[in-house]
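So this one's upload.cif, mmCIF, C-alpha atoms and all ligand atoms:
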data_model
#
loop_
_atom_site.label_atom_id
_atom_site.label_comp_id
_atom_site.auth_asym_id
_atom_site.auth_seq_id
_atom_site.Cartn_x
_atom_site.Cartn_y
_atom_site.Cartn_z
CA THR A 1 -12.91 5.32 -169.94
CA ALA A 2 -12.15 6.69 -173.37
CA PRO A 3 -8.76 5.68 -174.81
CA ARG A 4 -5.80 7.89 -175.61
CA ILE A 5 -5.13 7.37 -179.32
CA ALA A 6 -2.45 8.00 -181.93
CA LEU A 7 -3.00 8.12 -185.69
CA VAL A 8 0.22 7.16 -187.47
CA GLY A 9 -0.05 8.33 -191.08
CA ALA A 10 -2.52 11.04 -190.02
CA THR A 11 -1.69 13.19 -193.07
CA GLY A 12 -2.45 10.39 -195.54
CA LEU A 13 -5.72 9.51 -197.24
CA VAL A 14 -6.59 6.76 -194.74
CA GLY A 15 -5.41 8.95 -191.83
CA ASN A 16 -7.57 11.87 -193.02
CA THR A 17 -10.55 9.51 -193.32
CA LEU A 18 -9.92 8.13 -189.82
CA ILE A 19 -10.19 11.70 -188.48
CA GLN A 20 -13.40 12.23 -190.45
CA LEU A 21 -14.91 8.99 -189.12
CA ILE A 22 -13.91 9.80 -185.52
CA GLU A 23 -15.86 13.04 -185.94
CA GLU A 24 -18.85 11.54 -187.79
CA ARG A 25 -19.29 8.62 -185.41
CA GLY A 26 -18.57 10.55 -182.23
CA PHE A 27 -15.75 8.13 -181.40
CA ARG A 28 -14.72 8.99 -177.84
CA TYR A 29 -11.08 9.51 -176.94
CA ARG A 30 -9.28 11.12 -174.04
CA ASP A 31 -6.41 12.45 -176.09
CA VAL A 32 -5.36 12.22 -179.72
CA HIS A 33 -1.88 12.40 -181.27
CA LEU A 34 -1.41 12.95 -185.00
CA VAL A 35 1.78 11.34 -186.23
CA ALA A 36 3.47 11.28 -189.64
CA SER A 37 6.93 11.63 -191.18
CA ALA A 38 9.42 14.45 -190.53
CA ARG A 39 8.14 16.00 -193.79
CA SER A 40 4.87 16.93 -192.07
CA VAL A 41 6.27 18.41 -188.89
CA GLY A 42 5.05 22.01 -188.71
CA ARG A 43 1.67 21.11 -190.19
CA GLU A 44 -1.49 21.22 -188.13
CA LEU A 45 -4.71 19.21 -188.54
CA THR A 46 -8.00 19.63 -186.72
CA VAL A 47 -9.95 16.90 -184.97
CA ASP A 48 -13.40 17.73 -183.64
CA GLY A 49 -12.69 21.42 -184.24
CA ARG A 50 -9.43 21.46 -182.26
CA PRO A 51 -6.04 22.01 -183.90
CA TYR A 52 -3.26 19.49 -183.30
CA PRO A 53 0.35 19.69 -184.50
CA VAL A 54 1.60 16.77 -186.60
CA GLN A 55 4.30 14.93 -184.65
CA ASN A 56 7.29 13.05 -186.01
CA LEU A 57 6.99 9.24 -185.81
CA GLU A 58 10.72 9.05 -185.20
CA GLY A 59 11.00 9.58 -181.46
CA PHE A 60 7.25 9.52 -180.74
CA ASP A 61 6.55 8.13 -177.27
CA PHE A 62 3.80 5.50 -177.53
CA SER A 63 3.55 5.14 -173.75
CA GLN A 64 1.27 8.21 -173.97
CA VAL A 65 -1.40 6.23 -175.82
CA ASP A 66 -3.61 3.16 -175.32
CA LEU A 67 -4.42 2.59 -178.98
CA ALA A 68 -2.42 3.37 -182.14
CA PHE A 69 -3.81 3.21 -185.68
CA PHE A 70 -1.08 2.64 -188.28
CA SER A 71 -1.68 3.60 -191.92
CA ALA A 72 1.73 4.75 -193.14
CA GLY A 73 2.75 1.75 -195.23
CA ALA A 74 3.97 -1.78 -194.51
CA SER A 75 7.62 -0.91 -193.95
CA VAL A 76 6.68 1.76 -191.40
CA SER A 77 4.47 -0.72 -189.54
CA ALA A 78 7.20 -3.37 -189.64
CA LYS A 79 9.62 -1.00 -187.99
CA TYR A 80 7.44 0.97 -185.58
CA ALA A 81 4.41 -1.16 -184.59
CA PRO A 82 6.47 -3.57 -182.42
CA HIS A 83 8.01 -0.53 -180.78
CA ALA A 84 4.52 0.93 -180.06
CA VAL A 85 3.45 -2.41 -178.55
CA ALA A 86 6.60 -2.57 -176.41
CA GLN A 87 5.69 0.86 -175.06
CA GLY A 88 2.24 -0.45 -174.08
CA ALA A 89 -0.04 0.52 -176.98
CA LEU A 90 -2.45 -1.81 -178.72
CA VAL A 91 -2.00 -1.43 -182.50
CA ILE A 92 -4.65 -1.59 -185.22
CA ASP A 93 -2.60 -1.93 -188.39
CA ASN A 94 -3.91 -1.05 -191.85
CA THR A 95 -0.98 -2.47 -193.78
CA SER A 96 -0.26 -5.97 -195.05
CA HIS A 97 2.67 -6.49 -192.69
CA PHE A 98 1.02 -8.41 -189.82
CA ARG A 99 -1.99 -9.89 -191.62
CA MET A 100 -0.71 -13.43 -191.97
CA ASP A 101 1.12 -13.43 -188.61
CA PRO A 102 -0.51 -16.20 -186.53
CA ASP A 103 -0.21 -14.06 -183.38
CA SER A 104 -2.09 -11.15 -184.97
CA PRO A 105 -5.83 -11.58 -185.53
CA LEU A 106 -7.11 -10.42 -188.94
CA VAL A 107 -10.47 -8.87 -188.28
CA VAL A 108 -13.59 -7.75 -190.11
CA PRO A 109 -15.94 -6.95 -187.21
CA GLN A 110 -19.09 -8.01 -189.11
CA VAL A 111 -17.47 -11.45 -189.72
CA ASN A 112 -15.11 -12.45 -186.89
CA ALA A 113 -15.46 -9.96 -184.03
CA HIS A 114 -14.99 -12.87 -181.58
CA GLU A 115 -11.26 -12.58 -182.36
CA LEU A 116 -11.37 -9.38 -180.30
CA ASP A 117 -12.41 -11.08 -177.06
CA ARG A 118 -8.77 -11.40 -176.04
CA ARG A 119 -5.81 -9.07 -176.39
CA PRO A 120 -3.66 -10.35 -179.29
CA VAL A 121 -0.39 -12.11 -178.45
CA SER A 122 1.53 -9.76 -180.77
CA GLY A 123 -0.28 -6.64 -179.56
CA VAL A 124 -1.33 -6.00 -183.17
CA ILE A 125 -4.76 -6.41 -184.75
CA ALA A 126 -4.53 -6.45 -188.53
CA ASN A 127 -7.01 -4.79 -190.85
CA PRO A 128 -7.47 -6.82 -194.07
CA ASN A 129 -6.90 -5.79 -197.67
CA CYS A 130 -9.44 -3.33 -199.12
CA SER A 131 -10.84 -5.82 -201.68
CA THR A 132 -10.93 -8.71 -199.20
CA ILE A 133 -13.11 -6.93 -196.62
CA PRO A 134 -16.34 -6.48 -198.65
CA LEU A 135 -15.92 -9.90 -200.29
CA VAL A 136 -15.69 -11.92 -197.05
CA ARG A 137 -18.67 -10.06 -195.61
CA LEU A 138 -20.74 -11.54 -198.46
CA LEU A 139 -19.02 -14.95 -198.62
CA GLN A 140 -19.60 -15.81 -194.96
CA PRO A 141 -23.42 -16.21 -195.08
CA VAL A 142 -23.23 -17.91 -198.50
CA GLU A 143 -20.77 -20.46 -197.08
CA ALA A 144 -23.04 -21.06 -194.08
CA ARG A 145 -26.16 -21.59 -196.23
CA TRP A 146 -24.95 -23.32 -199.40
CA GLY A 147 -21.26 -24.14 -198.91
CA ILE A 148 -18.76 -22.54 -201.30
CA ARG A 149 -17.01 -24.80 -203.83
CA GLN A 150 -15.09 -21.97 -205.49
CA ALA A 151 -15.18 -18.19 -205.87
CA VAL A 152 -13.68 -16.57 -208.96
CA VAL A 153 -13.29 -12.82 -208.59
CA SER A 154 -12.10 -9.95 -210.77
CA THR A 155 -11.53 -6.61 -209.08
CA TYR A 156 -11.80 -3.11 -210.52
CA GLN A 157 -9.73 -1.09 -208.07
CA ALA A 158 -9.66 2.68 -207.68
CA ALA A 159 -6.59 4.95 -207.69
CA SER A 160 -7.18 5.97 -204.06
CA GLY A 161 -5.76 2.58 -203.03
CA ARG A 162 -2.38 4.27 -203.62
CA GLY A 163 -3.22 7.15 -201.31
CA HIS A 164 -3.11 10.88 -202.03
CA SER A 165 -0.31 10.45 -204.56
CA GLY A 166 -2.25 7.82 -206.51
CA VAL A 167 -5.28 10.09 -206.84
CA ALA A 168 -3.07 13.02 -207.82
CA GLU A 169 -1.34 10.95 -210.51
CA LEU A 170 -4.63 9.76 -212.03
CA ARG A 171 -5.87 13.37 -212.26
CA GLU A 172 -2.61 14.62 -213.74
CA ALA A 173 -2.29 11.76 -216.23
CA THR A 174 -5.91 12.15 -217.33
CA ALA A 175 -5.44 15.90 -217.86
CA ALA A 176 -2.30 15.23 -219.92
CA SER A 177 -4.11 12.70 -222.13
CA LEU A 178 -7.11 15.00 -222.58
CA ALA A 179 -4.80 17.71 -223.87
CA ASP A 180 -2.90 15.27 -226.10
CA PRO A 181 -4.26 11.74 -226.61
CA ALA A 182 -0.76 10.47 -227.33
CA ASP A 183 0.49 11.70 -223.94
CA PRO A 184 -0.03 9.10 -221.19
CA GLY A 185 1.11 11.57 -218.52
CA PRO A 186 3.02 10.47 -215.41
CA ALA A 187 3.17 6.73 -214.70
CA GLU A 188 5.00 6.19 -211.41
CA GLU A 189 2.21 5.16 -209.04
CA PHE A 190 0.58 3.21 -211.86
CA THR A 191 2.61 1.62 -214.62
CA PRO A 192 1.72 1.92 -217.42
CA SER A 193 -0.29 5.12 -216.99
CA LEU A 194 -3.85 4.72 -215.72
CA SER A 195 -5.28 7.48 -217.91
CA PHE A 196 -7.95 5.97 -220.22
CA ASN A 197 -6.48 2.59 -219.38
CA VAL A 198 -6.97 -0.52 -217.21
CA VAL A 199 -3.96 -2.19 -215.60
CA PRO A 200 -4.12 -5.85 -214.50
CA PHE A 201 -1.29 -5.53 -212.01
CA ILE A 202 -1.43 -4.38 -208.36
CA ASP A 203 1.42 -4.60 -205.87
CA ARG A 204 4.34 -6.86 -206.78
CA LEU A 205 4.64 -10.00 -208.90
CA LEU A 206 5.20 -13.31 -207.11
CA GLU A 207 6.94 -16.40 -208.45
CA SER A 208 3.54 -18.08 -208.85
CA GLY A 209 2.66 -15.55 -211.56
CA PHE A 210 -0.03 -14.06 -209.32
CA THR A 211 0.43 -10.59 -207.86
CA PHE A 212 0.76 -10.08 -204.10
CA GLU A 213 -2.63 -8.31 -204.18
CA GLU A 214 -4.19 -11.46 -205.68
CA GLN A 215 -2.48 -13.70 -203.13
CA LYS A 216 -3.68 -11.48 -200.27
CA MET A 217 -7.31 -11.98 -201.31
CA LEU A 218 -6.91 -15.78 -201.13
CA GLN A 219 -4.86 -16.04 -197.94
CA GLU A 220 -6.72 -13.34 -196.03
CA SER A 221 -10.17 -14.70 -196.95
CA ARG A 222 -9.13 -18.12 -195.63
CA LYS A 223 -7.83 -16.66 -192.36
CA ILE A 224 -10.79 -14.35 -191.68
CA LEU A 225 -13.41 -16.99 -192.48
CA GLY A 226 -11.46 -19.74 -190.69
CA LEU A 227 -11.61 -21.87 -193.85
CA PRO A 228 -8.02 -22.93 -194.63
CA HIS A 229 -9.03 -24.74 -197.84
CA LEU A 230 -11.42 -22.11 -199.22
CA ASP A 231 -10.94 -21.86 -203.00
CA VAL A 232 -10.85 -18.17 -203.96
CA THR A 233 -9.03 -17.13 -207.10
CA THR A 234 -8.71 -13.57 -208.36
CA THR A 235 -7.45 -11.17 -211.00
CA CYS A 236 -6.83 -7.72 -209.53
CA VAL A 237 -7.14 -4.78 -211.92
CA ARG A 238 -6.55 -1.06 -211.43
CA VAL A 239 -9.10 1.12 -213.23
CA PRO A 240 -9.19 4.91 -213.76
CA VAL A 241 -11.68 5.52 -210.95
CA VAL A 242 -10.84 7.94 -208.12
CA ASN A 243 -12.46 6.06 -205.25
CA SER A 244 -14.38 2.85 -204.46
CA HIS A 245 -13.41 -0.63 -205.58
CA SER A 246 -15.76 -2.87 -207.56
CA GLU A 247 -15.65 -6.66 -207.87
CA ALA A 248 -17.32 -9.16 -210.19
CA ALA A 249 -17.62 -12.49 -208.37
CA TRP A 250 -18.69 -15.91 -209.64
CA ILE A 251 -19.48 -18.07 -206.63
CA GLU A 252 -20.11 -21.77 -207.15
CA CYS A 253 -21.72 -23.58 -204.22
CA HIS A 254 -22.12 -27.21 -203.23
CA ASN A 255 -25.90 -26.89 -203.34
CA PRO A 256 -28.40 -25.19 -205.70
CA VAL A 257 -29.00 -21.55 -204.85
CA ASP A 258 -32.44 -19.97 -204.79
CA ARG A 259 -32.09 -16.41 -206.10
CA ALA A 260 -34.82 -14.84 -203.98
CA GLU A 261 -33.40 -16.44 -200.86
CA LEU A 262 -29.89 -15.27 -201.80
CA VAL A 263 -31.04 -11.67 -202.31
CA ALA A 264 -32.91 -11.73 -198.98
CA LEU A 265 -29.89 -13.24 -197.20
CA LEU A 266 -27.52 -10.54 -198.51
CA ALA A 267 -29.99 -7.70 -197.96
CA ALA A 268 -30.38 -8.74 -194.30
CA LEU A 269 -26.64 -8.33 -193.61
CA PRO A 270 -25.58 -5.31 -191.57
CA GLU A 271 -24.45 -2.34 -193.67
CA VAL A 272 -25.14 -4.06 -196.99
CA THR A 273 -27.46 -2.61 -199.65
CA VAL A 274 -28.72 -4.89 -202.41
CA HIS A 275 -29.81 -2.96 -205.50
CA ASP A 276 -32.51 -5.26 -206.76
CA GLN A 277 -36.09 -5.27 -205.49
CA ASP A 278 -37.49 -2.08 -207.04
CA THR A 279 -35.70 -2.26 -210.36
CA PRO A 280 -34.44 -5.74 -211.31
CA GLY A 281 -31.02 -5.52 -212.91
CA ALA A 282 -30.19 -2.37 -210.96
CA PHE A 283 -26.53 -1.97 -210.18
CA PRO A 284 -24.24 0.18 -208.04
CA THR A 285 -21.19 1.98 -209.42
CA PRO A 286 -18.33 3.91 -207.75
CA ARG A 287 -20.05 7.14 -208.77
CA THR A 288 -23.45 6.24 -207.37
CA VAL A 289 -22.70 4.70 -203.98
CA ALA A 290 -21.50 7.95 -202.38
CA ASP A 291 -24.86 8.60 -200.68
CA ARG A 292 -24.29 5.47 -198.55
CA PRO A 293 -20.50 5.27 -198.34
CA ASP A 294 -20.53 2.99 -195.31
CA HIS A 295 -22.43 0.20 -197.04
CA VAL A 296 -21.24 -2.65 -199.23
CA HIS A 297 -23.38 -2.30 -202.37
CA VAL A 298 -24.46 -5.39 -204.32
CA GLY A 299 -26.17 -5.70 -207.69
CA ARG A 300 -26.46 -7.85 -210.83
CA VAL A 301 -27.26 -10.96 -208.78
CA ARG A 302 -27.59 -13.78 -211.34
CA VAL A 303 -28.05 -17.47 -210.67
CA ALA A 304 -26.80 -19.33 -213.75
CA GLU A 305 -29.59 -21.11 -215.62
CA HIS A 306 -27.24 -23.85 -216.82
CA ASN A 307 -25.72 -24.33 -213.35
CA PRO A 308 -28.02 -23.29 -210.48
CA ARG A 309 -25.30 -24.02 -207.91
CA GLY A 310 -23.46 -20.95 -209.18
CA PHE A 311 -24.22 -17.27 -209.23
CA TRP A 312 -22.61 -13.96 -210.16
CA LEU A 313 -22.73 -10.76 -208.20
CA TRP A 314 -21.30 -7.30 -208.60
CA LEU A 315 -20.19 -5.38 -205.52
CA VAL A 316 -18.98 -1.84 -204.92
CA ALA A 317 -17.44 -0.64 -201.65
CA ASP A 318 -15.57 2.51 -200.64
CA ASN A 319 -12.02 1.17 -200.35
CA ILE A 320 -10.80 3.97 -198.07
CA ARG A 321 -13.74 3.74 -195.66
CA ILE A 322 -15.01 0.12 -195.70
CA GLY A 323 -11.72 -1.22 -197.02
CA ALA A 324 -9.54 0.59 -194.48
CA ALA A 325 -10.49 3.43 -192.11
CA LEU A 326 -14.05 2.36 -191.26
CA ASN A 327 -13.04 -1.25 -190.65
CA ALA A 328 -10.29 -0.01 -188.31
CA ILE A 329 -12.67 2.26 -186.39
CA GLN A 330 -15.21 -0.56 -186.12
CA ILE A 331 -12.46 -2.79 -184.69
CA ALA A 332 -11.75 -0.09 -182.09
CA GLU A 333 -15.46 0.27 -181.31
CA ALA A 334 -15.76 -3.50 -180.87
CA LEU A 335 -12.71 -3.52 -178.55
CA LEU A 336 -14.27 -0.81 -176.41
CA GLU A 337 -17.59 -2.66 -176.29
CA ARG A 338 -15.79 -5.78 -175.09
CA GLY A 339 -13.54 -3.93 -172.66
CA THR A 340 -10.51 -5.52 -174.36
CA LEU A 341 -8.54 -2.29 -174.49
P1 LIG B 401 3.77 12.26 -194.65
O1 LIG B 401 2.55 13.04 -195.08
O2 LIG B 401 4.53 12.99 -193.59
O3 LIG B 401 4.61 11.79 -195.80
P2 LIG B 401 -0.93 8.16 -198.33
O4 LIG B 401 -1.51 6.80 -198.05
O5 LIG B 401 -1.98 9.17 -198.67
O6 LIG B 401 0.17 8.08 -199.35
O7 LIG B 401 -0.23 8.63 -196.96
C1 LIG B 401 0.80 7.93 -196.36
C2 LIG B 401 0.92 8.35 -194.91
O8 LIG B 401 2.03 7.65 -194.33
C3 LIG B 401 1.20 9.82 -194.72
O9 LIG B 401 0.59 10.26 -193.52
C4 LIG B 401 2.71 9.84 -194.60
O10 LIG B 401 3.22 10.96 -193.89
C5 LIG B 401 2.94 8.59 -193.79
N1 LIG B 401 4.32 8.12 -193.91
C6 LIG B 401 4.93 7.64 -195.02
N2 LIG B 401 6.21 7.29 -194.74
C7 LIG B 401 6.40 7.55 -193.43
C8 LIG B 401 7.51 7.40 -192.52
N3 LIG B 401 8.68 6.91 -192.93
N4 LIG B 401 7.34 7.77 -191.23
C9 LIG B 401 6.16 8.25 -190.80
N5 LIG B 401 5.07 8.42 -191.60
C10 LIG B 401 5.20 8.07 -192.89
#
Can I see the file as structure tokens?
Ligand code: A2P
Amino acid sequence: TAPRIALVGATGLVGNTLIQLIEERGFRYRDVHLVASARSVGRELTVDGRPYPVQNLEGFDFSQVDLAFFSAGASVSAKYAPHAVAQGALVIDNTSHFRMDPDSPLVVPQVNAHELDRRPVSGVIANPNCSTIPLVRLLQPVEARWGIRQAVVSTYQAASGRGHSGVAELREATAASLADPADPGPAEEFTPSLSFNVVPFIDRLLESGFTFEEQKMLQESRKILGLPHLDVTTTCVRVPVVNSHSEAAWIECHNPVDRAELVALLAALPEVTVHDQDTPGAFPTPRTVADRPDHVHVGRVRVAEHNPRGFWLWLVADNIRIGAALNAIQIAEALLERGTL
């Protein structure tokens, strides 16, 4: 039977997109609860044409639900997800809090859905980082075919990774700079301001000199792919784009790579579009992938002439859908298919 669900962070960008995907995909539920902070109590949101009041997370009774999606930030998940589990709910968590917990599987359904065969020990299934998800979906078949020696990745991450307030700040800051080029506008979500700028710093700085965002891409890729020694190294950059992350990846393999075979291999993956065959050199951009927002888009596939074991690719993926809400819904769909719920 269809599950009773709760969306924690329902008023946020990922929460809003979860609602949209539930509607678009005809995700079946018996009952839905929309949950956010006390600030949102009194608001109403519609799901499948029906209005629902937003409920306060503080005091919410999770024994009313079978499945709870959390997308209200890591500290909220840290505090409330264990409580939801104790009350009997299975949690799909969008934050970084449980990702490296050995008792919580870290799942990209197209890559490691087998992790969903059993109910997790912690009661929490973690959804990976928004830049990690599209990358591992492409790395897995490359590893299987040619073996990966090292992947070097730079990301170009959109403002929507910071939620509604990140998008609002980019718009406001850009408007301020358009009116007066010397005015960078507000710079709280992004520091320095993201208007007409690129900022090589996402999340917090670690002692290693890498940012937490950069560390997540390494550690999470290893866990999802089950390759504890995988060599992935990244620079994560925020760019003044509203939505969809891009990545430039140099992937060096143990064996020489045939370009045509590589393109065919990637194009055959589920929900991946390779921009190549009709117009060589064709490439996706955040602005041009919106017609297929549920695909990982790949372009600029280049095997290096001086080193045929290595190749570059460019990828673009909607960070709110593929990188968060869609992955979470696909986890739920896979759970239902398996009867794990
Ligand atoms: P609220 O709208 O009530 O502040 P975004 O990712 O767009 O920034 O959204 C964050 C989401 O997380 C919102 O739904 C927000 O609710 C929710 N949220 C943030 N802090 C809390 C909290 N302490 N308790 C419950 N929900 C929270």
>> Residues contacting ligand LIG 401 (chain B) - anything with an atom at most 9 Å away, using all atoms listed in the file - can you give me those as a PyMOL selection string?
In response: chain A and resi 7-16+35-41+54+56-58+70-73+75-76+80+160-167
Considering only C-alpha atoms, tabulate each residue of segment 72-157 of chain A that lies at most 7 Å from segment 203-223 of chain A along with its nearest interatomic pair and the corresponding distance in Å to one decimal; arrange the rows by chain and ascending residue number and present them as a tab-separated table.
residue	atom	partner	partner_atom	distance
A:Pro128	CA	A:Glu220	CA	6.8
A:Thr132	CA	A:Met217	CA	5.3
A:Val136	CA	A:Ser221	CA	6.2
> Do you know which residues are at most 9 Å from Arg321 of chain A counting only C-alpha atoms, after dropping those on the same chain fewer than 4 positions away, and could you put them as a VMD selection string?
Replying inline: chain A and resid 14 17 to 18 21 130 244 293 to 294 317 325 to 328
> For Leu336 of chain A, which residue out of A:Val124, A:Ala113, A:Leu170, A:Ala158 is the nearest one, using only C-alpha atoms?
Replying inline: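 Residue with the minimum atom-to-atom distance to Leu336 of chain A: A:Ala113.
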>> Neighbouring residues of segment 265-275 of chain A were defined as those with any atom within 9 Å, considering only C-alpha atoms; residues of the same chain fewer than 2 positions away were excluded. Please report them as JSON, numbers by chain.
In response: {"A": [110, 137, 138, 141, 142, 260, 261, 262, 263, 277, 278, 279, 280, 281, 282, 283, 284, 292, 294, 295, 296, 297, 298, 299, 300, 301]}
> What separation in Å, quoted to one decimal, exists between atom CA of Val152 of chain A and atom CA of Ile251 of chain A?
Replying inline: 6.4 Å
Starting from the incomplete input, reconstruct N, CA and C atoms of segment 132-158 of chain A and report them as a compact mmCIF listing (two decimals), in the frame of the given file.
# COMPACT_ATOMS: atom_id res chain seq x y z
N THR A 132 -10.55 -7.51 -199.96
CA THR A 132 -10.93 -8.71 -199.20
C THR A 132 -12.11 -8.42 -198.28
N ILE A 133 -12.11 -7.24 -197.65
CA ILE A 133 -13.11 -6.93 -196.62
C ILE A 133 -14.56 -7.06 -197.14
N PRO A 134 -14.94 -6.35 -198.21
CA PRO A 134 -16.34 -6.48 -198.65
C PRO A 134 -16.66 -7.89 -199.13
N LEU A 135 -15.67 -8.55 -199.76
CA LEU A 135 -15.92 -9.90 -200.29
C LEU A 135 -16.25 -10.89 -199.17
N VAL A 136 -15.44 -10.92 -198.11
CA VAL A 136 -15.69 -11.92 -197.05
C VAL A 136 -16.99 -11.64 -196.31
N ARG A 137 -17.39 -10.37 -196.27
CA ARG A 137 -18.67 -10.06 -195.61
C ARG A 137 -19.83 -10.71 -196.36
N LEU A 138 -19.69 -10.89 -197.67
CA LEU A 138 -20.74 -11.54 -198.46
C LEU A 138 -20.54 -13.06 -198.52
N LEU A 139 -19.28 -13.50 -198.52
CA LEU A 139 -19.02 -14.95 -198.62
C LEU A 139 -19.47 -15.70 -197.37
N GLN A 140 -19.31 -15.07 -196.19
CA GLN A 140 -19.60 -15.81 -194.96
C GLN A 140 -21.02 -16.40 -194.92
N PRO A 141 -22.08 -15.61 -195.15
CA PRO A 141 -23.42 -16.21 -195.08
C PRO A 141 -23.70 -17.19 -196.22
N VAL A 142 -23.05 -16.99 -197.37
CA VAL A 142 -23.23 -17.91 -198.50
C VAL A 142 -22.61 -19.27 -198.14
N GLU A 143 -21.42 -19.23 -197.53
CA GLU A 143 -20.77 -20.46 -197.08
C GLU A 143 -21.66 -21.19 -196.07
N ALA A 144 -22.22 -20.45 -195.13
CA ALA A 144 -23.04 -21.06 -194.08
C ALA A 144 -24.30 -21.70 -194.67
N ARG A 145 -24.88 -21.11 -195.69
CA ARG A 145 -26.16 -21.59 -196.23
C ARG A 145 -25.97 -22.65 -197.30
N TRP A 146 -25.06 -22.41 -198.25
CA TRP A 146 -24.95 -23.32 -199.40
C TRP A 146 -23.59 -24.02 -199.52
N GLY A 147 -22.59 -23.56 -198.80
CA GLY A 147 -21.26 -24.14 -198.91
C GLY A 147 -20.60 -23.67 -200.20
N ILE A 148 -19.42 -23.07 -200.10
CA ILE A 148 -18.76 -22.54 -201.30
C ILE A 148 -17.77 -23.57 -201.86
N ARG A 149 -17.94 -23.90 -203.15
CA ARG A 149 -17.01 -24.80 -203.83
C ARG A 149 -15.83 -23.98 -204.37
N GLN A 150 -16.14 -22.84 -204.96
CA GLN A 150 -15.09 -21.97 -205.49
C GLN A 150 -15.64 -20.57 -205.76
N ALA A 151 -14.82 -19.57 -205.49
CA ALA A 151 -15.18 -18.19 -205.87
C ALA A 151 -14.12 -17.68 -206.84
N VAL A 152 -14.57 -17.15 -207.96
CA VAL A 152 -13.68 -16.57 -208.96
C VAL A 152 -14.00 -15.08 -209.05
N VAL A 153 -13.00 -14.26 -208.76
CA VAL A 153 -13.29 -12.82 -208.59
C VAL A 153 -12.34 -11.98 -209.44
N SER A 154 -12.91 -10.99 -210.14
CA SER A 154 -12.10 -9.95 -210.77
C SER A 154 -12.38 -8.64 -210.06
N THR A 155 -11.32 -7.89 -209.75
CA THR A 155 -11.53 -6.61 -209.08
C THR A 155 -11.32 -5.47 -210.06
N TYR A 156 -11.93 -4.34 -209.74
CA TYR A 156 -11.80 -3.11 -210.52
C TYR A 156 -11.46 -2.04 -209.50
N GLN A 157 -10.15 -1.84 -209.25
CA GLN A 157 -9.73 -1.09 -208.07
C GLN A 157 -9.36 0.36 -208.38
N ALA A 158 -9.80 1.24 -207.49
CA ALA A 158 -9.66 2.68 -207.68
C ALA A 158 -8.24 3.16 -207.36
